[in-house]
$ cat my_file.cif   # mmCIF, C-alpha atoms and all ligand atoms
data_coords
loop_
_atom_site.label_atom_id
_atom_site.label_comp_id
_atom_site.auth_asym_id
_atom_site.auth_seq_id
_atom_site.Cartn_x
_atom_site.Cartn_y
_atom_site.Cartn_z
CA MET U 1 0.00 0.00 0.00
CA ILE U 2 1.12 3.54 -0.76
CA GLU U 3 0.02 6.33 1.53
CA LEU U 4 0.83 9.99 1.03
CA ILE U 5 -0.13 12.15 3.98
CA ASP U 6 -0.24 15.95 3.83
CA ILE U 7 2.60 16.38 1.34
CA TRP U 8 4.02 19.84 0.69
CA LYS U 9 6.67 20.54 -1.92
CA SER U 10 8.02 23.75 -3.35
CA TYR U 11 10.74 24.60 -5.86
CA ASP U 12 12.54 27.75 -4.83
CA GLU U 13 9.68 29.87 -3.48
CA ARG U 14 6.91 28.29 -5.56
CA GLN U 15 4.64 25.83 -3.81
CA ILE U 16 3.67 23.09 -6.22
CA ILE U 17 2.21 20.41 -3.94
CA ARG U 18 0.07 21.83 -1.11
CA GLY U 19 -1.16 19.39 1.48
CA LEU U 20 -1.75 16.46 -0.89
CA SER U 21 -2.94 13.12 0.48
CA LEU U 22 -3.50 9.86 -1.44
CA THR U 23 -3.94 6.19 -0.59
CA VAL U 24 -3.36 3.51 -3.22
CA GLN U 25 -4.31 -0.07 -2.34
CA PRO U 26 -2.16 -3.03 -3.46
CA GLY U 27 -2.95 -3.99 -7.05
CA GLU U 28 -4.94 -0.83 -7.69
CA LYS U 29 -4.58 1.20 -10.91
CA VAL U 30 -4.85 4.91 -10.24
CA SER U 31 -4.70 7.67 -12.86
CA ILE U 32 -3.72 11.22 -12.06
CA ILE U 33 -4.81 13.94 -14.45
CA GLY U 34 -4.44 17.69 -14.45
CA PRO U 35 -3.10 20.55 -16.54
CA SER U 36 0.50 20.73 -17.65
CA GLY U 37 2.80 22.11 -14.95
CA CYS U 38 0.46 21.31 -12.03
CA GLY U 39 2.94 18.91 -10.41
CA LYS U 40 2.11 15.41 -11.68
CA SER U 41 5.68 14.43 -12.53
CA THR U 42 6.81 15.97 -9.24
CA LEU U 43 4.39 13.68 -7.43
CA LEU U 44 5.90 10.60 -9.12
CA ARG U 45 9.42 11.75 -8.27
CA LEU U 46 8.38 12.14 -4.63
CA ILE U 47 6.96 8.59 -4.53
CA MET U 48 10.13 7.28 -6.17
CA GLY U 49 12.20 9.05 -3.50
CA LEU U 50 14.02 11.12 -6.14
CA HIS U 51 12.81 14.30 -4.41
CA ARG U 52 12.02 14.82 -0.75
CA PRO U 53 8.89 16.72 0.27
CA ASP U 54 9.21 19.83 2.45
CA SER U 55 6.86 18.09 4.86
CA GLY U 56 4.49 15.15 5.02
CA GLN U 57 4.81 11.37 5.03
CA ILE U 58 5.19 8.93 2.12
CA ILE U 59 4.46 5.49 3.50
CA ILE U 60 5.27 2.52 1.30
CA ASP U 61 4.39 -0.85 2.84
CA GLY U 62 4.37 0.62 6.31
CA GLN U 63 7.63 2.55 6.11
CA ASP U 64 7.98 6.31 5.75
CA ILE U 65 10.49 6.84 2.93
CA VAL U 66 10.86 10.54 3.78
CA LYS U 67 12.83 9.58 6.87
CA MET U 68 15.07 7.07 5.08
CA GLY U 69 18.78 7.40 4.38
CA THR U 70 20.24 6.77 0.92
CA ASN U 71 20.88 3.04 1.38
CA GLU U 72 17.49 2.23 2.82
CA LEU U 73 15.89 4.27 0.05
CA LYS U 74 17.76 2.23 -2.56
CA GLY U 75 16.05 -0.90 -1.22
CA VAL U 76 12.61 0.67 -1.60
CA ARG U 77 13.44 2.05 -5.04
CA ALA U 78 14.33 -1.46 -6.23
CA ARG U 79 10.67 -2.36 -5.74
CA ILE U 80 9.40 0.55 -7.82
CA GLY U 81 9.58 0.71 -11.62
CA ILE U 82 9.14 3.96 -13.48
CA LEU U 83 8.44 4.59 -17.14
CA PHE U 84 9.54 8.13 -17.88
CA GLN U 85 7.70 10.29 -20.36
CA SER U 86 10.55 10.21 -22.89
CA ALA U 87 11.28 6.48 -22.26
CA ALA U 88 14.81 7.82 -21.60
CA LEU U 89 16.68 4.95 -23.27
CA PHE U 90 20.47 4.97 -23.38
CA ASP U 91 21.41 5.27 -27.03
CA SER U 92 24.98 4.15 -26.35
CA THR U 93 23.93 0.55 -25.79
CA THR U 94 21.58 -2.03 -27.32
CA VAL U 95 17.99 -2.75 -26.35
CA GLY U 96 19.26 -5.71 -24.30
CA GLY U 97 21.84 -3.46 -22.64
CA ASN U 98 19.10 -1.04 -21.63
CA VAL U 99 16.95 -3.70 -20.00
CA ALA U 100 20.00 -5.29 -18.35
CA PHE U 101 21.15 -1.98 -16.86
CA PRO U 102 19.12 -1.95 -13.60
CA LEU U 103 20.03 -5.60 -13.03
CA GLN U 104 23.76 -4.98 -13.50
CA GLU U 105 23.60 -1.85 -11.39
CA SER U 106 22.08 -3.75 -8.46
CA GLY U 107 24.99 -6.21 -8.41
CA CYS U 108 22.58 -8.97 -7.37
CA PHE U 109 22.40 -10.92 -10.63
CA GLY U 110 24.86 -13.10 -12.58
CA ALA U 111 25.39 -12.79 -16.35
CA THR U 112 23.32 -15.86 -17.27
CA GLU U 113 20.49 -14.81 -15.02
CA ILE U 114 20.51 -11.31 -16.51
CA LYS U 115 20.25 -12.77 -20.03
CA THR U 116 17.24 -14.86 -19.03
CA ILE U 117 15.49 -11.95 -17.30
CA VAL U 118 16.11 -9.57 -20.23
CA SER U 119 14.63 -12.09 -22.65
CA GLU U 120 11.62 -12.66 -20.37
CA LYS U 121 10.89 -8.92 -19.93
CA LEU U 122 11.22 -8.21 -23.66
CA HIS U 123 8.79 -11.05 -24.28
CA MET U 124 6.39 -9.51 -21.75
CA VAL U 125 6.26 -6.22 -23.67
CA GLU U 126 6.00 -8.00 -27.03
CA MET U 127 9.54 -7.18 -28.10
CA ALA U 128 10.93 -10.74 -27.92
CA GLY U 129 14.30 -11.19 -29.64
CA ALA U 130 15.05 -7.45 -29.89
CA GLU U 131 18.13 -7.68 -27.61
CA ASP U 132 20.69 -6.67 -30.26
CA LYS U 133 18.70 -3.82 -31.79
CA ASP U 134 19.98 -0.28 -31.57
CA PRO U 135 17.52 2.04 -29.71
CA ALA U 136 17.91 4.57 -32.54
CA GLU U 137 16.21 2.11 -34.96
CA LEU U 138 13.08 1.87 -32.84
CA SER U 139 9.76 3.66 -33.34
CA GLY U 140 8.27 5.77 -30.55
CA GLY U 141 5.99 2.93 -29.47
CA GLN U 142 8.83 0.42 -29.44
CA ARG U 143 10.98 2.77 -27.35
CA LYS U 144 8.16 3.01 -24.81
CA ARG U 145 7.94 -0.78 -24.70
CA VAL U 146 11.67 -1.18 -24.16
CA GLY U 147 11.48 1.50 -21.45
CA LEU U 148 8.70 -0.54 -19.91
CA ALA U 149 10.78 -3.75 -20.06
CA ARG U 150 13.61 -1.89 -18.32
CA ALA U 151 11.22 -0.59 -15.64
CA LEU U 152 10.03 -4.16 -15.11
CA ALA U 153 13.52 -5.69 -14.99
CA ARG U 154 13.65 -6.04 -11.22
CA SER U 155 10.04 -7.24 -10.95
CA PRO U 156 8.69 -4.16 -9.18
CA GLU U 157 5.65 -4.26 -6.93
CA ILE U 158 4.80 -0.69 -7.86
CA MET U 159 4.83 0.80 -11.37
CA LEU U 160 4.77 4.52 -12.03
CA TYR U 161 3.96 5.71 -15.54
CA ASP U 162 4.58 9.30 -16.62
CA GLU U 163 2.49 10.08 -19.73
CA PRO U 164 2.93 6.54 -21.13
CA THR U 165 0.86 7.17 -24.26
CA THR U 166 1.47 10.85 -24.96
CA GLY U 167 2.62 11.41 -28.53
CA LEU U 168 1.68 7.90 -29.71
CA ASP U 169 -0.88 7.30 -32.43
CA PRO U 170 -4.20 5.70 -31.35
CA ILE U 171 -3.16 2.14 -32.24
CA LEU U 172 0.14 2.31 -30.37
CA SER U 173 -1.62 4.01 -27.49
CA THR U 174 -4.14 1.18 -27.23
CA ASN U 175 -1.26 -1.26 -27.38
CA ILE U 176 0.52 0.36 -24.41
CA GLU U 177 -2.78 0.71 -22.51
CA ASN U 178 -3.45 -3.02 -22.99
CA LEU U 179 0.06 -3.78 -21.77
CA ILE U 180 -0.42 -1.72 -18.61
CA VAL U 181 -3.64 -3.58 -17.85
CA LYS U 182 -2.07 -6.97 -18.68
CA LEU U 183 0.95 -6.33 -16.45
CA ASN U 184 -1.29 -5.23 -13.65
CA ASP U 185 -3.46 -8.37 -13.98
CA GLN U 186 -0.60 -10.83 -14.39
CA LEU U 187 1.94 -9.39 -11.99
CA HIS U 188 -0.47 -7.80 -9.48
CA VAL U 189 1.54 -4.60 -9.46
CA THR U 190 0.16 -1.41 -8.02
CA SER U 191 0.09 1.21 -10.78
CA ILE U 192 0.03 5.00 -10.76
CA ILE U 193 -0.45 6.51 -14.18
CA VAL U 194 0.01 10.20 -14.89
CA THR U 195 -1.65 11.12 -18.15
CA HIS U 196 -3.87 13.54 -19.95
CA GLN U 197 -4.85 11.09 -22.69
CA ILE U 198 -8.57 10.36 -22.32
CA SER U 199 -8.39 6.85 -23.85
CA THR U 200 -5.72 5.90 -21.32
CA ILE U 201 -7.70 7.27 -18.39
CA LEU U 202 -10.79 5.31 -19.42
CA ARG U 203 -9.03 2.04 -20.31
CA VAL U 204 -6.57 1.58 -17.49
CA SER U 205 -7.90 3.16 -14.31
CA ASP U 206 -9.80 1.84 -11.32
CA LYS U 207 -9.82 5.39 -9.95
CA ILE U 208 -9.11 8.78 -11.49
CA TYR U 209 -7.85 11.75 -9.47
CA MET U 210 -7.58 15.31 -10.67
CA MET U 211 -4.78 17.47 -9.38
CA GLN U 212 -5.85 20.99 -8.62
CA ASP U 213 -4.16 23.68 -6.54
CA GLY U 214 -1.54 21.19 -5.38
CA GLN U 215 -4.06 18.69 -4.03
CA LEU U 216 -6.10 15.78 -5.37
CA MET U 217 -9.85 16.10 -5.74
CA PRO U 218 -12.12 13.23 -4.62
CA PRO U 219 -11.81 10.53 -7.31
CA GLU U 220 -14.14 9.41 -10.06
CA SER U 221 -14.13 6.07 -11.91
CA PRO U 222 -14.22 5.43 -15.68
CA GLN U 223 -17.90 4.54 -15.17
CA THR U 224 -18.83 7.77 -13.36
CA ILE U 225 -16.52 10.33 -14.93
CA GLY U 226 -18.61 11.05 -18.02
CA THR U 227 -21.75 11.89 -16.08
CA ALA U 228 -20.36 13.25 -12.81
CA GLY U 229 -21.24 16.76 -13.95
CA ASN U 230 -18.15 18.27 -12.39
CA VAL U 231 -14.68 19.38 -13.48
CA TYR U 232 -13.83 15.73 -14.34
CA THR U 233 -16.67 15.60 -16.87
CA THR U 234 -15.47 18.90 -18.36
CA PHE U 235 -11.98 17.39 -18.68
CA ILE U 236 -13.26 14.25 -20.42
CA ASN U 237 -15.29 16.37 -22.80
CA GLY U 238 -12.15 18.22 -23.79
CA GLY U 239 -12.96 21.46 -22.03
CA LEU U 240 -9.98 21.60 -19.70
N1 LIG P 1 13.56 20.50 -10.59
C1 LIG P 1 12.76 21.57 -10.68
N2 LIG P 1 13.18 22.80 -10.29
C2 LIG P 1 12.38 23.89 -10.36
N3 LIG P 1 11.10 23.85 -10.81
C3 LIG P 1 10.62 22.67 -11.23
C4 LIG P 1 11.41 21.47 -11.18
N4 LIG P 1 10.65 20.43 -11.65
C5 LIG P 1 9.47 20.97 -11.97
N5 LIG P 1 9.44 22.30 -11.71
C6 LIG P 1 8.27 23.20 -11.90
O1 LIG P 1 7.22 22.71 -11.09
C7 LIG P 1 5.98 22.74 -11.76
C8 LIG P 1 5.39 21.34 -11.83
O2 LIG P 1 6.18 20.55 -12.70
P1 LIG P 1 5.80 19.04 -13.07
O3 LIG P 1 5.70 18.25 -11.83
O4 LIG P 1 6.79 18.60 -14.08
O5 LIG P 1 4.35 19.24 -13.71
P2 LIG P 1 3.49 18.28 -14.67
O6 LIG P 1 4.15 16.94 -14.71
O7 LIG P 1 2.12 18.25 -14.07
O8 LIG P 1 3.46 18.95 -16.01
C9 LIG P 1 6.26 23.37 -13.12
O9 LIG P 1 5.96 24.73 -13.03
C10 LIG P 1 7.74 23.16 -13.32
O10 LIG P 1 8.28 24.17 -14.10
MG MG P 2 4.97 15.88 -16.30
#

$ encode --input "my_file.cif" --output "structure tokens" --more "lines below"
Ligand SMILES: Nc1ncnc2c1ncn2[C@@H]1O[C@H](COP(=O)(O)OP(=O)(O)O)[C@@H](O)[C@H]1O
Ligand SMILES: [Mg+2]
Amino acid sequence: MIELIDIWKSYDERQIIRGLSLTVQPGEKVSIIGPSGCGKSTLLRLIMGLHRPDSGQIIIDGQDIVKMGTNELKGVRARIGILFQSAALFDSTTVGGNVAFPLQESGCFGATEIKTIVSEKLHMVEMAGAEDKDPAELSGGQRKRVGLARALARSPEIMLYDEPTTGLDPILSTNIENLIVKLNDQLHVTSIIVTHQISTILRVSDKIYMMQDGQLMPPESPQTIGTAGNVYTTFINGGL
């Protein structure tokens, strides 16, 4: 379970997150929507422990990561996978090298084991056999999938997705959305998806939260959002 309690975060003098609280149950898929610049990526970086909040608690499986030192935080981070908006692949190595990277970095896996895991994760994202490809040869959708395989390398219990379908055409978008749902079903990971793509919100979420004024509004579901008659409905209808 992930629990954020009264989180505040500012950059320089600007307060971005203002008393935000959120609880995500194990296995739940939660989408976070909101205008550009409102702090969605910041929220993911806080959960990942890449930034520390000015105040508040971030409790992951009973432990407050805000109070943790670097080493302890590394242990928690190993259980969280993140797919960055740009996929952020290393162009200096192959597809296989990218997926192997977090495994090598951890120092916990032997070469044979790494090979097996890389092959398994590429298979999971429907990129089987792509180990020797150069990231530069890949399409946008394929880069996202390799980024996803890399995020999954260490079998995370929590997956964070930052705009996983932004900039993809509708078919590739659907493909990534189906993958997110499949991974969630098969691996029982808890997923937090930051997006402004309507199809993604409707296809992948159990709950949808809107970020406004540095906080999250009470959630809607894909079933209720279209008829809620509030700011969520306006968003879905393209008015926000
Ligand atoms: N490292 C940083 N230093 C200073 N300002 C930042 C930093 N990261 C983000 N910001 C600012 O904080 C605000 C929220 O950013 P972000 O979390 O990326 O928003 P979103 O993902 O919702 O578009 C933006 O105004 C952005 O310019
Ligand atoms: Mg962002």

$ residues_near_ligand --input "my_file.cif" --ligand "ligand LIG 1 (chain P)" --cutoff "12 Å" --atoms "all atoms listed in the file" --output "number ranges by chain"
U: 9-18, 32-46, 50-52, 84-85, 161-163, 193-196, 210-215

$ write_last_selection --input "my_file.cif" --atoms "C-alpha atoms" --output "PDB file, in the coordinates of the input"
ATOM      1  CA  LYS U   9       6.670  20.540  -1.920  1.00  0.00           C
ATOM      2  CA  SER U  10       8.020  23.750  -3.350  1.00  0.00           C
ATOM      3  CA  TYR U  11      10.740  24.600  -5.860  1.00  0.00           C
ATOM      4  CA  ASP U  12      12.540  27.750  -4.830  1.00  0.00           C
ATOM      5  CA  GLU U  13       9.680  29.870  -3.480  1.00  0.00           C
ATOM      6  CA  ARG U  14       6.910  28.290  -5.560  1.00  0.00           C
ATOM      7  CA  GLN U  15       4.640  25.830  -3.810  1.00  0.00           C
ATOM      8  CA  ILE U  16       3.670  23.090  -6.220  1.00  0.00           C
ATOM      9  CA  ILE U  17       2.210  20.410  -3.940  1.00  0.00           C
ATOM     10  CA  ARG U  18       0.070  21.830  -1.110  1.00  0.00           C
ATOM     11  CA  ILE U  32      -3.720  11.220 -12.060  1.00  0.00           C
ATOM     12  CA  ILE U  33      -4.810  13.940 -14.450  1.00  0.00           C
ATOM     13  CA  GLY U  34      -4.440  17.690 -14.450  1.00  0.00           C
ATOM     14  CA  PRO U  35      -3.100  20.550 -16.540  1.00  0.00           C
ATOM     15  CA  SER U  36       0.500  20.730 -17.650  1.00  0.00           C
ATOM     16  CA  GLY U  37       2.800  22.110 -14.950  1.00  0.00           C
ATOM     17  CA  CYS U  38       0.460  21.310 -12.030  1.00  0.00           C
ATOM     18  CA  GLY U  39       2.940  18.910 -10.410  1.00  0.00           C
ATOM     19  CA  LYS U  40       2.110  15.410 -11.680  1.00  0.00           C
ATOM     20  CA  SER U  41       5.680  14.430 -12.530  1.00  0.00           C
ATOM     21  CA  THR U  42       6.810  15.970  -9.240  1.00  0.00           C
ATOM     22  CA  LEU U  43       4.390  13.680  -7.430  1.00  0.00           C
ATOM     23  CA  LEU U  44       5.900  10.600  -9.120  1.00  0.00           C
ATOM     24  CA  ARG U  45       9.420  11.750  -8.270  1.00  0.00           C
ATOM     25  CA  LEU U  46       8.380  12.140  -4.630  1.00  0.00           C
ATOM     26  CA  LEU U  50      14.020  11.120  -6.140  1.00  0.00           C
ATOM     27  CA  HIS U  51      12.810  14.300  -4.410  1.00  0.00           C
ATOM     28  CA  ARG U  52      12.020  14.820  -0.750  1.00  0.00           C
ATOM     29  CA  PHE U  84       9.540   8.130 -17.880  1.00  0.00           C
ATOM     30  CA  GLN U  85       7.700  10.290 -20.360  1.00  0.00           C
ATOM     31  CA  TYR U 161       3.960   5.710 -15.540  1.00  0.00           C
ATOM     32  CA  ASP U 162       4.580   9.300 -16.620  1.00  0.00           C
ATOM     33  CA  GLU U 163       2.490  10.080 -19.730  1.00  0.00           C
ATOM     34  CA  ILE U 193      -0.450   6.510 -14.180  1.00  0.00           C
ATOM     35  CA  VAL U 194       0.010  10.200 -14.890  1.00  0.00           C
ATOM     36  CA  THR U 195      -1.650  11.120 -18.150  1.00  0.00           C
ATOM     37  CA  HIS U 196      -3.870  13.540 -19.950  1.00  0.00           C
ATOM     38  CA  MET U 210      -7.580  15.310 -10.670  1.00  0.00           C
ATOM     39  CA  MET U 211      -4.780  17.470  -9.380  1.00  0.00           C
ATOM     40  CA  GLN U 212      -5.850  20.990  -8.620  1.00  0.00           C
ATOM     41  CA  ASP U 213      -4.160  23.680  -6.540  1.00  0.00           C
ATOM     42  CA  GLY U 214      -1.540  21.190  -5.380  1.00  0.00           C
ATOM     43  CA  GLN U 215      -4.060  18.690  -4.030  1.00  0.00           C
TER      44      GLN U 215
END

$ closest_residue --input "my_file.cif" --among "U:Ile176, U:Leu216, U:Leu83, U:Ala78" --to "ligand MG 2 (chain P)" --atoms "all atoms listed in the file"
U:Leu83

$ residues_around --input "my_file.cif" --residues "Ala88 of chain U" --least-positions-apart "4" --cutoff "10 Å" --atoms "only C-alpha atoms" --output "list of chain:residue names"
U:Leu83, U:Phe84, U:Asn98, U:Arg143, U:Lys144, U:Val146, U:Gly147

$ closest_residue --input "my_file.cif" --among "U:Pro135, U:Gly49, U:Gly110, U:Pro164" --to "ligand MG 2 (chain P)" --atoms "all atoms listed in the file"
U:Pro164

$ residues_near_point --input "my_file.cif" --point "(-10.6, 6.3, -13.6)" --cutoff "9 Å" --atoms "only C-alpha atoms" --output "JSON list (two decimals) with C-alpha atoms, in the frame of the given file"
[["chain", "number", "residue", "atom", "x", "y", "z"],
["U", 29, "LYS", "CA", -4.58, 1.20, -10.91],
["U", 30, "VAL", "CA", -4.85, 4.91, -10.24],
["U", 31, "SER", "CA", -4.70, 7.67, -12.86],
["U", 32, "ILE", "CA", -3.72, 11.22, -12.06],
["U", 201, "ILE", "CA", -7.70, 7.27, -18.39],
["U", 202, "LEU", "CA", -10.79, 5.31, -19.42],
["U", 203, "ARG", "CA", -9.03, 2.04, -20.31],
["U", 204, "VAL", "CA", -6.57, 1.58, -17.49],
["U", 205, "SER", "CA", -7.90, 3.16, -14.31],
["U", 206, "ASP", "CA", -9.80, 1.84, -11.32],
["U", 207, "LYS", "CA", -9.82, 5.39, -9.95],
["U", 208, "ILE", "CA", -9.11, 8.78, -11.49],
["U", 209, "TYR", "CA", -7.85, 11.75, -9.47],
["U", 219, "PRO", "CA", -11.81, 10.53, -7.31],
["U", 220, "GLU", "CA", -14.14, 9.41, -10.06],
["U", 221, "SER", "CA", -14.13, 6.07, -11.91],
["U", 222, "PRO", "CA", -14.22, 5.43, -15.68],
["U", 223, "GLN", "CA", -17.90, 4.54, -15.17],
["U", 224, "THR", "CA", -18.83, 7.77, -13.36],
["U", 225, "ILE", "CA", -16.52, 10.33, -14.93]]

$ atom_distance --input "my_file.cif" --atom1 "atom CA of Ser55 of chain U" --atom2 "atom CA of Ile7 of chain U"
5.8 Å

$ residues_around --input "my_file.cif" --residues "Lys74 of chain U" --least-positions-apart "5" --cutoff "12 Å" --atoms "all atoms listed in the file" --output "PDB file with C-alpha atoms, in the frame of the given file"
ATOM      1  CA  MET U  48      10.130   7.280  -6.170  1.00  0.00           C
ATOM      2  CA  GLY U  49      12.200   9.050  -3.500  1.00  0.00           C
ATOM      3  CA  LEU U  50      14.020  11.120  -6.140  1.00  0.00           C
ATOM      4  CA  ILE U  65      10.490   6.840   2.930  1.00  0.00           C
ATOM      5  CA  MET U  68      15.070   7.070   5.080  1.00  0.00           C
ATOM      6  CA  GLY U  69      18.780   7.400   4.380  1.00  0.00           C
ATOM      7  CA  ARG U  79      10.670  -2.360  -5.740  1.00  0.00           C
ATOM      8  CA  ILE U  80       9.400   0.550  -7.820  1.00  0.00           C
ATOM      9  CA  PRO U 102      19.120  -1.950 -13.600  1.00  0.00           C
ATOM     10  CA  GLU U 105      23.600  -1.850 -11.390  1.00  0.00           C
ATOM     11  CA  SER U 106      22.080  -3.750  -8.460  1.00  0.00           C
TER      12      SER U 106
END

$ closest_residue --input "my_file.cif" --among "U:Ser86, U:Gly129, U:Ala111, U:Thr93" --to "ligand MG 2 (chain P)" --atoms "all atoms listed in the file"
U:Ser86

$ residues_near_point --input "my_file.cif" --point "(-2.0, -1.3, -23.1)" --cutoff "12 Å" --atoms "only C-alpha atoms" --output "VMD selection string"
chain U and resid 124 to 126 141 144 to 145 148 161 164 to 165 168 170 to 185 193 199 to 205

$ atom_distance --input "my_file.cif" --atom1 "atom CA of Gln25 of chain U" --atom2 "atom CA of Met159 of chain U"
12.9 Å

$ atom_distance --input "my_file.cif" --atom1 "atom CA of Val118 of chain U" --atom2 "atom CA of Asp134 of chain U"
15.2 Å

$ residues_around --input "my_file.cif" --residues "Pro156 of chain U" --least-positions-apart "5" --cutoff "10 Å" --atoms "all atoms listed in the file" --output "ChimeraX atom specification"
/U:76-82,151,187-190

$ write_last_selection --input "my_file.cif" --atoms "C-alpha atoms" --output "PDB file, in the coordinates of the input"
ATOM      1  CA  VAL U  76      12.610   0.670  -1.600  1.00  0.00           C
ATOM      2  CA  ARG U  77      13.440   2.050  -5.040  1.00  0.00           C
ATOM      3  CA  ALA U  78      14.330  -1.460  -6.230  1.00  0.00           C
ATOM      4  CA  ARG U  79      10.670  -2.360  -5.740  1.00  0.00           C
ATOM      5  CA  ILE U  80       9.400   0.550  -7.820  1.00  0.00           C
ATOM      6  CA  GLY U  81       9.580   0.710 -11.620  1.00  0.00           C
ATOM      7  CA  ILE U  82       9.140   3.960 -13.480  1.00  0.00           C
ATOM      8  CA  ALA U 151      11.220  -0.590 -15.640  1.00  0.00           C
ATOM      9  CA  LEU U 187       1.940  -9.390 -11.990  1.00  0.00           C
ATOM     10  CA  HIS U 188      -0.470  -7.800  -9.480  1.00  0.00           C
ATOM     11  CA  VAL U 189       1.540  -4.600  -9.460  1.00  0.00           C
ATOM     12  CA  THR U 190       0.160  -1.410  -8.020  1.00  0.00           C
TER      13      THR U 190
END

$ closest_residue --input "my_file.cif" --among "U:Gly27, U:Ile192, U:Ile198, U:Gln186" --to "Tyr232 of chain U" --atoms "only C-alpha atoms"
U:Ile198

$ residues_around --input "my_file.cif" --residues "Ser21 of chain U" --least-positions-apart "5" --cutoff "6 Å" --atoms "all atoms listed in the file" --output "list of chain:residue names"
U:Leu4, U:Ile5, U:Asp6

$ residues_around --input "my_file.cif" --residues "Glu113 of chain U" --least-positions-apart "3" --cutoff "12 Å" --atoms "all atoms listed in the file" --output "ChimeraX atom specification"
/U:100,103-104,107-110,116-120,153-154

$ closest_residue --input "my_file.cif" --among "U:Thr166, U:Ser155, U:Gln63, U:Thr23" --to "ligand MG 2 (chain P)" --atoms "all atoms listed in the file"
U:Thr166

$ decode --input "my_file.cif" --residues "segment 52-82 of chain U" --atoms "C-alpha atoms" --output "PDB file, in the first residue's frame"
ATOM      1  CA  ARG U  52      12.024  14.815  -0.754  1.00  0.00           C
ATOM      2  CA  PRO U  53       8.890  16.723   0.269  1.00  0.00           C
ATOM      3  CA  ASP U  54       9.213  19.829   2.452  1.00  0.00           C
ATOM      4  CA  SER U  55       6.861  18.090   4.858  1.00  0.00           C
ATOM      5  CA  GLY U  56       4.487  15.147   5.016  1.00  0.00           C
ATOM      6  CA  GLN U  57       4.805  11.367   5.031  1.00  0.00           C
ATOM      7  CA  ILE U  58       5.187   8.930   2.123  1.00  0.00           C
ATOM      8  CA  ILE U  59       4.463   5.493   3.497  1.00  0.00           C
ATOM      9  CA  ILE U  60       5.268   2.524   1.300  1.00  0.00           C
ATOM     10  CA  ASP U  61       4.391  -0.845   2.836  1.00  0.00           C
ATOM     11  CA  GLY U  62       4.370   0.617   6.314  1.00  0.00           C
ATOM     12  CA  GLN U  63       7.628   2.548   6.107  1.00  0.00           C
ATOM     13  CA  ASP U  64       7.984   6.308   5.751  1.00  0.00           C
ATOM     14  CA  ILE U  65      10.492   6.842   2.926  1.00  0.00           C
ATOM     15  CA  VAL U  66      10.856  10.542   3.783  1.00  0.00           C
ATOM     16  CA  LYS U  67      12.830   9.580   6.870  1.00  0.00           C
ATOM     17  CA  MET U  68      15.073   7.070   5.084  1.00  0.00           C
ATOM     18  CA  GLY U  69      18.785   7.399   4.377  1.00  0.00           C
ATOM     19  CA  THR U  70      20.237   6.771   0.925  1.00  0.00           C
ATOM     20  CA  ASN U  71      20.884   3.040   1.379  1.00  0.00           C
ATOM     21  CA  GLU U  72      17.488   2.232   2.816  1.00  0.00           C
ATOM     22  CA  LEU U  73      15.887   4.272   0.049  1.00  0.00           C
ATOM     23  CA  LYS U  74      17.755   2.228  -2.561  1.00  0.00           C
ATOM     24  CA  GLY U  75      16.045  -0.905  -1.224  1.00  0.00           C
ATOM     25  CA  VAL U  76      12.607   0.672  -1.598  1.00  0.00           C
ATOM     26  CA  ARG U  77      13.441   2.046  -5.043  1.00  0.00           C
ATOM     27  CA  ALA U  78      14.330  -1.461  -6.230  1.00  0.00           C
ATOM     28  CA  ARG U  79      10.670  -2.361  -5.738  1.00  0.00           C
ATOM     29  CA  ILE U  80       9.401   0.555  -7.819  1.00  0.00           C
ATOM     30  CA  GLY U  81       9.580   0.710 -11.621  1.00  0.00           C
ATOM     31  CA  ILE U  82       9.142   3.960 -13.479  1.00  0.00           C
TER      32      ILE U  82
END
